[in-house]
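See below for the structure under consideration.
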Amino acid sequence: MNSRKTRIVLAIVAVAAIFGYKTMQPKPDANAAASATPAGPVDALKPTLFGKIAFTPCSLSSPMSKDTLDAQCARFEVPEDRSHPQGRKIQLNIAWLAPSGSGEKLPDPVFFIAGGPGQSAVETYPGLDPVFREVRKQRNVILIDQRGTGQSNLLSCALEDDASDDADSSPAAAQAQAAKCAAALASKADLRFYTTTAAVADLDAVRAALGVAQVNLVGISYGTRVAQQYAMRHPAQTRSIVLDSVVPNTLGLGNIFARNLDDALTLQFALCSKDPVCKGKLGDPRAELDTLLTTLRAAPVTVAYRDATKGEPKQGTLTADAVAGLVRMYAYMPLASGLLPKLIHEANAGHYEGLMALTKMMRGEMKDAMAMGMQMSVTCSEDADSMVARPEDAGTVLGNAMPESMAAMCKVWPKGSVPADFHHALATNVPALLMEGEFDPVTPPRYGQEVVKSLPNGRLFVLKGQGHNVIGAGCMPKLFAQFIEKADAKALDGRCLDTLGYAYPFTNFNGAEP
């Protein structure tokens, strides 16, 4: 049998833009706290007011970036439950990056909204700062850790390790773990109030406290849901929206992942199956993957491998669930997924060590990427009705295990209320720039096409050969900056994106065929 830990993790990461963590034991905010540190001795830090919020100097860092950013950081108090404002409070963690240029400073800041749900905006942003370089010359950039993430009352749980591959992997076991996690977090949070709707109210409270009339919203993946919900509730306060890897308001997230991944793999693997040299060396990648998954489902394999981070020899068990998780993760990044046909072909020849090393490395590097408790509060409140198994997904890479496990977990997770029109399409005159990757395995181009239909001042770019989170690809940063400057997506000249190409599969470990 496949391990309970792998099955539950795959269930949870089905709703994440970047995934892989340990779940289900409460964790302190220590990791998040390391992402924003004071820039000098505490008594030397002088606060700077932005509106009514007092900021002090700090440095931002991220596991995804080696550099640090000078910034200003603050805490901003909001009620956990706005219907009882005298009750428990949440200290929102905010970072402010002031304009870097010497010219005119414009009054409408950019609010960056991270994905997940469960990512910290403050931790995520440093790796994206080069994308914002031109925008930052004239505008303030504001980062707010959404309630339940980062340093805004982090709702994080960690999964108990189970060494046995015969551990219970049923939805009932996942449900028991979710109940344990919810009970542990109950002392620090009412989990009903960590939804998108509550986060939108927080964003507008910060906007008002900063004293700005309008904001520009930049959302990535799940962050596009937050941005759309904000524009629905506060159109007069929204100057523009940028939606990267779009989640339509109308979409329930419960069972979209299996089909979307398979569709993306069809496109990505076609780069090999339609190339005579690649197919001759590696076969049909999808057929090879199906063969490997069938083999591992019948009998997981004990593998001797070398740890990819420490170089130490180790031994572990490779399961079908672990391979499915790796395939899904790598499909987000076509440059990385170019390795998959070669690795899968090698595994079918009995050489499993490459896949084993990468699955272990992926879990280790991504284990703290999401706040699982916050993610459960969002998805169980907003998407539980769509967590149903579908017969047509039974033969996919991911199958129906994830919606089945998520549905079981949500049965015991406290749920918040959502507005009656929460799943209505965003229909607004607010200027909008939308972008999708051609090969995106979770938010495919058709999602952007659906959303832009009701945005008369919106425009969608589909980026050739790209995966998920594409704002940094090719000339997209330039187009992004031009859009923020003029708030006119239809005036953009997107011909520079034509230079984007495809990342062809590796036929050997030196790379693709020339």
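Following the order of the structure tokens, chains are lettered A, B, ..., residues in each are numbered from 1, and ligands are numbered from 1.
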Please build the interface table for stretch 85-152 of chain A against stretch 475-499 of chain A with a cut-off of 6 Å, listing for each qualifying residue the nearest atom pair and the distance in Å to one decimal; count only C-alpha atoms, order rows by chain and increasing number, and write it as CSV.
```
residue,atom,partner,partner_atom,distance
A:Val131,CA,A:Pro477,CA,5.2
A:Glu134,CA,A:Ala481,CA,6.0
A:Val135,CA,A:Ala481,CA,5.3
```
All strand (DSSP E or B) residues (DSSP, backbone) inside stretch 61-249 of chain A, as a ChimeraX atom specification: /A:61-62,65-79,89-97,110-113,141-144,158,215-220,238-244
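Pairwise distance (atom CA of A:His84, atom CA of A:Ala183) equals 22.0 Å.
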Contact residues around stretch 269-282 of chain A with only C-alpha atoms at 12 Å, ignoring same-chain residues under 6 positions, as a PyMOL selection string: chain A and resi 261-263+288-289+327+331+334+337-349+439+465+501-508+511-514
Interatomic distance (Å, one decimal) between atom CA of A:Glu104 and atom CA of A:Arg75: 27.7 Å
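Every protein, DNA or RNA residue with an atom at most 7 Å from A:His468, where only C-alpha atoms count and chain neighbours fewer than 6 positions away do not, is listed here: Ser245, Tyr332, Met333, Gly437 and Asp440 of chain A.
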Please, could you write that set of residues out with N, CA and C atoms as a PDB file, in the first residue's frame?
```pdb
ATOM      1  N   SER A 245      -2.052  33.312 -13.939  1.00  0.00           N
ATOM      2  CA  SER A 245      -2.504  31.933 -13.706  1.00  0.00           C
ATOM      3  C   SER A 245      -3.852  31.982 -12.988  1.00  0.00           C
ATOM      4  N   TYR A 332       4.514  22.057 -13.405  1.00  0.00           N
ATOM      5  CA  TYR A 332       4.373  23.498 -13.235  1.00  0.00           C
ATOM      6  C   TYR A 332       5.478  24.248 -13.971  1.00  0.00           C
ATOM      7  N   MET A 333       6.614  23.591 -14.163  1.00  0.00           N
ATOM      8  CA  MET A 333       7.802  24.243 -14.724  1.00  0.00           C
ATOM      9  C   MET A 333       8.289  23.425 -15.906  1.00  0.00           C
ATOM     10  N   GLY A 437      -0.025  30.305 -18.819  1.00  0.00           N
ATOM     11  CA  GLY A 437       0.966  29.498 -19.511  1.00  0.00           C
ATOM     12  C   GLY A 437       0.286  28.455 -20.377  1.00  0.00           C
ATOM     13  N   ASP A 440       0.173  25.141 -18.525  1.00  0.00           N
ATOM     14  CA  ASP A 440      -0.165  25.202 -17.089  1.00  0.00           C
ATOM     15  C   ASP A 440      -0.979  23.970 -16.680  1.00  0.00           C
TER      16      ASP A 440
END
```
Residue set, stretch 368-459 of chain A restricted to helix (DSSP H, G or I), as a count of residues only: 35
Residues within 10 Å of A:Lys411, only C-alpha atoms, excluding chain neighbours under 2 positions, as a PyMOL selection string: chain A and resi 175+178-179+380+384+406-409+413-415
From A:Tyr222, A:Tyr125, A:Phe76, A:Tyr194, residue lying nearest A:Val206 [only C-alpha atoms]: A:Phe76
